[in-house]
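This is upload.txt. It holds compact mmCIF, C-alpha atoms and all ligand atoms.
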```
# COMPACT_ATOMS: atom_id res chain seq x y z
CA MET A 1 -8.05 2.16 0.15
CA PRO A 2 -5.59 -0.74 0.29
CA GLU A 3 -2.60 0.47 2.31
CA LEU A 4 0.92 -0.93 2.51
CA PRO A 5 0.01 -3.64 5.08
CA GLU A 6 -2.82 -4.92 2.88
CA VAL A 7 -0.51 -5.07 -0.13
CA GLU A 8 2.17 -6.86 1.90
CA THR A 9 -0.44 -9.36 3.12
CA THR A 10 -1.64 -9.88 -0.45
CA LEU A 11 1.94 -10.62 -1.49
CA ARG A 12 2.51 -13.08 1.37
CA GLY A 13 -0.81 -14.77 0.64
CA LEU A 14 -0.20 -15.17 -3.07
CA GLU A 15 3.46 -16.00 -3.45
CA PRO A 16 3.56 -19.52 -1.96
CA HIS A 17 0.79 -20.59 -4.36
CA LEU A 18 2.15 -18.97 -7.50
CA LYS A 19 5.95 -18.84 -7.39
CA GLY A 20 7.49 -21.19 -9.94
CA GLN A 21 4.19 -21.72 -11.76
CA SER A 22 3.81 -21.06 -15.44
CA VAL A 23 1.04 -18.92 -16.89
CA VAL A 24 -1.63 -20.75 -18.87
CA LYS A 25 -3.40 -17.59 -19.93
CA LEU A 26 -4.24 -14.01 -19.12
CA VAL A 27 -7.88 -13.11 -19.66
CA VAL A 28 -8.64 -9.39 -19.73
CA ARG A 29 -12.30 -8.37 -19.54
CA ASN A 30 -11.74 -4.64 -19.19
CA ARG A 31 -8.46 -2.96 -20.18
CA ARG A 32 -9.48 0.46 -18.90
CA LEU A 33 -7.78 0.71 -15.54
CA ARG A 34 -5.85 3.82 -14.42
CA TRP A 35 -3.71 3.14 -17.46
CA PRO A 36 -4.90 0.67 -20.08
CA ILE A 37 -3.68 -2.89 -19.72
CA PRO A 38 -1.20 -3.14 -22.63
CA SER A 39 -2.51 -4.94 -25.68
CA GLY A 40 -0.43 -8.00 -26.43
CA LEU A 41 0.17 -8.75 -22.75
CA GLU A 42 -1.78 -12.00 -23.13
CA ALA A 43 0.70 -13.33 -25.70
CA LYS A 44 3.68 -12.03 -23.74
CA LEU A 45 2.75 -13.98 -20.59
CA ARG A 46 1.53 -17.25 -22.07
CA GLY A 47 3.75 -20.16 -21.00
CA GLN A 48 6.08 -17.95 -18.94
CA THR A 49 7.18 -18.91 -15.44
CA LEU A 50 6.59 -16.62 -12.48
CA LEU A 51 10.00 -16.49 -10.84
CA GLY A 52 9.03 -14.47 -7.80
CA MET A 53 6.98 -11.68 -6.33
CA ARG A 54 7.91 -8.64 -4.31
CA ARG A 55 6.51 -5.34 -3.16
CA ARG A 56 7.81 -1.80 -3.67
CA ALA A 57 5.66 0.88 -1.98
CA LYS A 58 2.15 -0.29 -2.86
CA TYR A 59 3.20 -1.86 -6.17
CA LEU A 60 3.28 -5.63 -6.54
CA LEU A 61 6.08 -6.76 -8.84
CA LEU A 62 5.75 -10.14 -10.53
CA GLU A 63 9.03 -11.29 -11.98
CA PHE A 64 9.15 -13.27 -15.22
CA PRO A 65 12.26 -14.32 -17.19
CA HIS A 66 11.75 -11.51 -19.73
CA GLY A 67 10.39 -8.68 -17.54
CA HIS A 68 8.08 -7.70 -14.71
CA LEU A 69 4.35 -7.26 -14.29
CA LEU A 70 3.62 -4.15 -12.25
CA SER A 71 0.35 -4.19 -10.38
CA HIS A 72 -1.31 -1.64 -8.11
CA LEU A 73 -4.63 -1.99 -6.31
CA GLY A 74 -5.54 1.69 -6.64
CA MET A 75 -8.46 2.85 -4.48
CA SER A 76 -10.61 -0.23 -4.42
CA GLY A 77 -8.73 -3.11 -6.04
CA SER A 78 -8.14 -6.60 -4.69
CA LEU A 79 -6.38 -9.71 -5.93
CA ARG A 80 -7.58 -13.10 -4.86
CA LEU A 81 -6.80 -16.69 -5.67
CA LEU A 82 -9.41 -19.00 -7.05
CA THR A 83 -9.38 -22.72 -7.61
CA GLY A 84 -11.76 -24.05 -10.18
CA ASP A 85 -14.09 -22.22 -12.51
CA LEU A 86 -15.84 -19.44 -10.66
CA THR A 87 -17.98 -17.25 -12.91
CA PRO A 88 -16.52 -13.75 -13.04
CA GLN A 89 -18.60 -11.09 -11.34
CA LYS A 90 -19.01 -7.44 -12.20
CA HIS A 91 -15.71 -5.51 -11.79
CA ASP A 92 -13.58 -8.69 -12.13
CA HIS A 93 -11.31 -7.12 -14.76
CA PHE A 94 -8.65 -9.76 -15.36
CA ASP A 95 -7.66 -13.34 -14.54
CA LEU A 96 -4.16 -14.75 -14.61
CA ALA A 97 -4.45 -18.53 -14.78
CA PHE A 98 -1.55 -20.81 -13.81
CA ALA A 99 -0.64 -24.39 -14.64
CA ASN A 100 -1.37 -25.62 -11.10
CA GLY A 101 -5.05 -24.67 -11.53
CA MET A 102 -4.78 -21.48 -9.50
CA CYS A 103 -6.28 -18.33 -10.92
CA LEU A 104 -5.38 -14.84 -9.78
CA ARG A 105 -8.44 -12.62 -10.20
CA TYR A 106 -8.44 -8.82 -10.04
CA HIS A 107 -11.53 -7.01 -8.79
CA ASP A 108 -11.73 -3.20 -8.83
CA PRO A 109 -15.01 -1.24 -8.89
CA ARG A 110 -13.35 2.18 -9.25
CA ARG A 111 -10.63 1.05 -11.72
CA PHE A 112 -7.81 3.18 -10.30
CA GLY A 113 -5.56 0.14 -10.14
CA LEU A 114 -3.16 -0.94 -12.85
CA LEU A 115 -1.46 -3.81 -14.62
CA LEU A 116 1.58 -2.82 -16.65
CA TRP A 117 4.60 -4.53 -18.15
CA THR A 118 8.22 -3.46 -17.98
CA LYS A 119 11.29 -5.05 -19.55
CA ARG A 120 13.61 -2.91 -17.47
CA GLU A 121 14.53 -3.10 -13.81
CA PRO A 122 11.29 -2.06 -12.00
CA ALA A 123 13.23 0.32 -9.72
CA MET A 124 13.87 2.44 -12.85
CA HIS A 125 10.20 2.54 -13.88
CA ARG A 126 8.74 6.05 -14.09
CA LEU A 127 6.12 5.22 -11.44
CA ILE A 128 8.72 3.92 -8.99
CA ARG A 129 12.07 5.65 -9.48
CA HIS A 130 11.15 8.87 -7.60
CA LEU A 131 9.82 7.07 -4.53
CA GLY A 132 11.33 7.45 -1.06
CA PRO A 133 12.61 4.56 1.06
CA GLU A 134 10.50 1.73 2.43
CA PRO A 135 9.35 2.56 5.98
CA LEU A 136 10.37 -0.87 7.29
CA SER A 137 13.88 -0.62 5.81
CA ASP A 138 17.04 0.51 7.59
CA LYS A 139 17.17 3.58 5.34
CA PHE A 140 14.15 5.01 7.09
CA THR A 141 15.28 6.54 10.39
CA GLY A 142 14.64 9.53 12.60
CA GLU A 143 17.89 11.09 11.37
CA TYR A 144 16.70 10.72 7.78
CA LEU A 145 13.35 12.41 8.53
CA TYR A 146 15.00 15.17 10.54
CA ARG A 147 17.49 15.93 7.76
CA LEU A 148 14.80 16.15 5.07
CA ALA A 149 12.48 18.19 7.30
CA GLN A 150 14.87 21.12 7.73
CA LYS A 151 13.25 24.45 6.74
CA ARG A 152 10.04 22.70 5.68
CA LYS A 153 6.87 24.51 6.72
CA ALA A 154 4.48 21.77 5.55
CA ALA A 155 2.42 20.02 8.21
CA VAL A 156 4.27 16.98 9.55
CA LYS A 157 1.32 14.76 8.61
CA ASN A 158 1.64 15.77 4.95
CA PHE A 159 5.41 15.37 5.20
CA ILE A 160 5.28 11.74 6.36
CA MET A 161 2.52 10.91 3.85
CA ASP A 162 4.62 12.24 0.93
CA GLY A 163 5.78 9.22 -1.08
CA ARG A 164 8.96 11.04 -2.11
CA ILE A 165 9.93 11.22 1.60
CA VAL A 166 8.81 7.72 2.61
CA VAL A 167 6.37 5.33 0.94
CA GLY A 168 3.38 3.55 2.37
CA VAL A 169 2.44 5.80 5.29
CA GLY A 170 -1.23 6.26 4.44
CA ASN A 171 -3.79 8.38 6.23
CA ILE A 172 -4.78 5.83 8.87
CA TYR A 173 -1.20 4.95 9.80
CA ALA A 174 -0.01 8.58 9.76
CA SER A 175 -2.80 9.55 12.17
CA GLU A 176 -2.10 6.63 14.49
CA ALA A 177 1.68 7.10 14.48
CA LEU A 178 1.45 10.84 15.19
CA HIS A 179 -0.92 10.14 18.07
CA ARG A 180 1.37 7.57 19.64
CA ALA A 181 4.33 9.91 19.16
CA GLY A 182 2.40 12.83 20.76
CA ILE A 183 2.92 15.07 17.73
CA HIS A 184 0.17 17.39 16.49
CA PRO A 185 -0.62 16.66 12.81
CA THR A 186 -0.30 20.29 11.69
CA ARG A 187 3.02 21.01 13.39
CA PRO A 188 5.47 22.28 10.73
CA ALA A 189 7.82 19.45 9.72
CA GLY A 190 10.86 21.71 10.18
CA ARG A 191 9.95 22.45 13.80
CA ILE A 192 10.34 18.99 15.28
CA SER A 193 13.44 17.84 17.16
CA LEU A 194 15.68 14.96 16.17
CA ALA A 195 14.63 13.04 19.29
CA ARG A 196 10.95 13.34 18.36
CA TYR A 197 11.68 12.20 14.80
CA GLN A 198 13.61 9.20 16.12
CA ASN A 199 10.59 8.29 18.21
CA LEU A 200 8.19 8.90 15.29
CA ALA A 201 10.22 6.78 12.85
CA SER A 202 10.25 3.80 15.21
CA ILE A 203 6.53 4.20 15.94
CA ILE A 204 5.74 4.27 12.18
CA LYS A 205 7.62 0.97 11.83
CA ILE A 206 5.74 -0.53 14.79
CA VAL A 207 2.30 0.61 13.57
CA LEU A 208 2.90 -0.85 10.10
CA ALA A 209 4.43 -4.07 11.44
CA GLU A 210 1.44 -4.55 13.76
CA ALA A 211 -0.95 -4.09 10.84
CA ILE A 212 0.98 -6.61 8.75
CA ALA A 213 0.97 -9.06 11.66
CA ALA A 214 -2.80 -8.57 12.09
CA GLY A 215 -3.18 -9.19 8.35
CA GLY A 216 -1.25 -12.43 8.71
CA THR A 217 -4.06 -13.82 10.83
CA THR A 218 -6.40 -13.47 7.86
CA LEU A 219 -4.07 -15.37 5.49
CA LYS A 220 -5.70 -18.71 6.16
CA ASP A 221 -8.87 -17.29 4.64
CA PHE A 222 -7.05 -15.88 1.63
CA LEU A 223 -7.94 -18.63 -0.77
CA ASN A 224 -11.34 -18.07 -2.38
CA SER A 225 -12.06 -15.25 0.04
CA ALA A 226 -14.41 -12.59 -1.18
CA GLY A 227 -13.06 -9.09 -1.63
CA LEU A 228 -10.06 -7.77 0.18
CA PRO A 229 -7.89 -10.15 2.16
CA GLY A 230 -8.16 -7.79 5.04
CA TYR A 231 -8.67 -4.49 6.65
CA PHE A 232 -7.30 -5.69 9.77
CA ALA A 233 -8.52 -6.02 13.27
CA GLN A 234 -5.83 -3.62 14.39
CA LYS A 235 -7.01 -1.43 17.25
CA LEU A 236 -7.07 2.19 16.11
CA LEU A 237 -6.54 4.79 18.83
CA VAL A 238 -7.65 7.93 16.98
CA TYR A 239 -8.56 7.18 13.37
CA GLY A 240 -12.34 7.37 12.89
CA ARG A 241 -12.87 8.18 16.59
CA GLU A 242 -13.94 11.83 16.40
CA GLY A 243 -15.87 12.84 19.55
CA LEU A 244 -14.83 9.71 21.46
CA PRO A 245 -12.51 9.92 24.49
CA CYS A 246 -8.75 9.59 24.10
CA GLY A 247 -7.55 6.35 25.70
CA THR A 248 -4.80 8.21 27.56
CA CYS A 249 -6.36 11.46 28.82
CA LEU A 250 -10.10 11.16 28.06
CA SER A 251 -10.12 14.40 26.02
CA LEU A 252 -12.40 14.11 23.02
CA ILE A 253 -10.68 13.14 19.77
CA ARG A 254 -10.91 15.83 17.10
CA ASN A 255 -11.00 15.64 13.33
CA LEU A 256 -9.19 18.30 11.35
CA THR A 257 -8.68 18.44 7.61
CA VAL A 258 -4.96 18.47 6.77
CA GLY A 259 -4.01 18.41 3.10
CA GLN A 260 -7.62 17.48 2.23
CA ARG A 261 -7.45 14.38 4.41
CA ALA A 262 -9.34 13.75 7.63
CA SER A 263 -6.86 13.87 10.49
CA PHE A 264 -7.83 12.54 13.87
CA TYR A 265 -5.87 13.64 16.93
CA CYS A 266 -6.07 14.25 20.67
CA PRO A 267 -5.87 18.01 21.43
CA LYS A 268 -4.20 17.35 24.78
CA CYS A 269 -1.74 14.49 24.08
CA GLN A 270 -0.50 15.83 20.74
CA ASN A 271 1.35 19.11 20.39
ZN ZN B 301 -5.20 12.36 24.91
```

As structure tokens, what does this structure read like?
Ligand SMILES: [Zn+2]
Amino acid sequence: MPELPEVETTLRGLEPHLKGQSVVKLVVRNRRLRWPIPSGLEAKLRGQTLLGMRRRAKYLLLEFPHGHLLSHLGMSGSLRLLTGDLTPQKHDHFDLAFANGMCLRYHDPRRFGLLLWTKREPAMHRLIRHLGPEPLSDKFTGEYLYRLAQKRKAAVKNFIMDGRIVVGVGNIYASEALHRAGIHPTRPAGRISLARYQNLASIIKIVLAEAIAAGGTTLKDFLNSAGLPGYFAQKLLVYGREGLPCGTCLSLIRNLTVGQRASFYCPKCQN
């Protein structure tokens, strides 16, 4: 699943090529994404200038003079840039063609992604307004986590993966951050000290920033690349390493299901 670092890398890869360009046409081949692509969107976008792009959680927001396109990659979506006329393949659901000859093509076998339009401020959109702070922002701190965790019995891993608490901490990054912070994934969120939350918050920022930096190295291949711009060459310490030795203590990494998600941890280093 595309995680926050992949979406951030997609944004950084696309924006320099598309900002300031006007839309020649939107071609929709399949409207049936997680929500249907609105009918009439083709006419709405034609001739309009893309003023800028930004990311909120895992949503990409494309700003036009009269509103925003809201895009999400879902479980299996990817956006790539094409130059020239490449024949669409299966699962290439829409193209957004620009005046400079660039074409933004969306590919999504499972169709859990979306492309919506909003005239209002995107922060007020029903999919966005309830979301917690960005993990890389100053609002996200150990104090913030500690305050919200009080009296919560939920496993800390579920707590930090809850988008109402903080956005963009997916399963891989939650597992890695908890390992580096030495916190067991099932420890109740309300039974963790302020000092440990301060450490965890800074580690979450580091883990995500490292993944974004690793993604940056794939940006040169972004143009005309096949599929996702990157699941990055970031070294994972526990995720997917069940039965392999922990890099710190050599205990064997375990895999436990927490909130229906595979959770990898070291039984000795994490408590
Ligand atoms: Zn260990």

Which residues come within 8 Å of Leu200 of chain A, counting all atoms listed in the file, excluding same-chain residues fewer than 5 positions away, as a PyMOL selection string?
-> chain A and resi 142+177-178+181

For the residues selected in the previous step, produce a file with C-alpha atoms as a PDB file, keeping the file's coordinate frame.
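Result file again-v8.pdb:
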```
ATOM      1  CA  GLY A 142      14.640   9.530  12.600  1.00  0.00           C
ATOM      2  CA  ALA A 177       1.680   7.100  14.480  1.00  0.00           C
ATOM      3  CA  LEU A 178       1.450  10.840  15.190  1.00  0.00           C
ATOM      4  CA  ALA A 181       4.330   9.910  19.160  1.00  0.00           C
TER       5      ALA A 181
END
```

Surrounding residues as a list in words, ligand ZN 301 (chain B), max 7 Å, only C-alpha atoms and all ligand atoms = Cys246, Gly247, Thr248, Cys249, Leu250, Ser251, Cys266, Pro267, Lys268 and Cys269 of chain A

Skip Met1 of chain A itself and residues of its chain fewer than 4 positions away, then list as JSON, numbers by chain all residues within 12 Å of it, counting only C-alpha atoms.
-> {"A": [5, 6, 7, 58, 72, 73, 74, 75, 76, 77, 78, 108, 109, 110, 112, 113, 168, 170, 171, 172, 228, 230, 231]}

Would you mind reading off the distance between atom CA of Gln21 of chain A and atom CA of Gly215 of chain A, one decimal, in Å?
->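 For atom CA of Gln21 of chain A relative to atom CA of Gly215 of chain A, the distance reads 24.8 Å.
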
Neighbour list for segment 116-122 of chain A as a list in words, cut-off 9 Å, all atoms listed in the file, skip fewer than 5 positions in-chain | Trp35, Pro36, Ile37, Pro38, Leu41, Leu61, His66, Gly67, His68, Leu69, Leu70, Ser71, Leu127, Ile128 and Arg129 of chain A

Find the distance between atom CA of Ala213 of chain A and atom CA of Ala195 of chain A and write it in Å to one decimal.
-> 27.1 Å
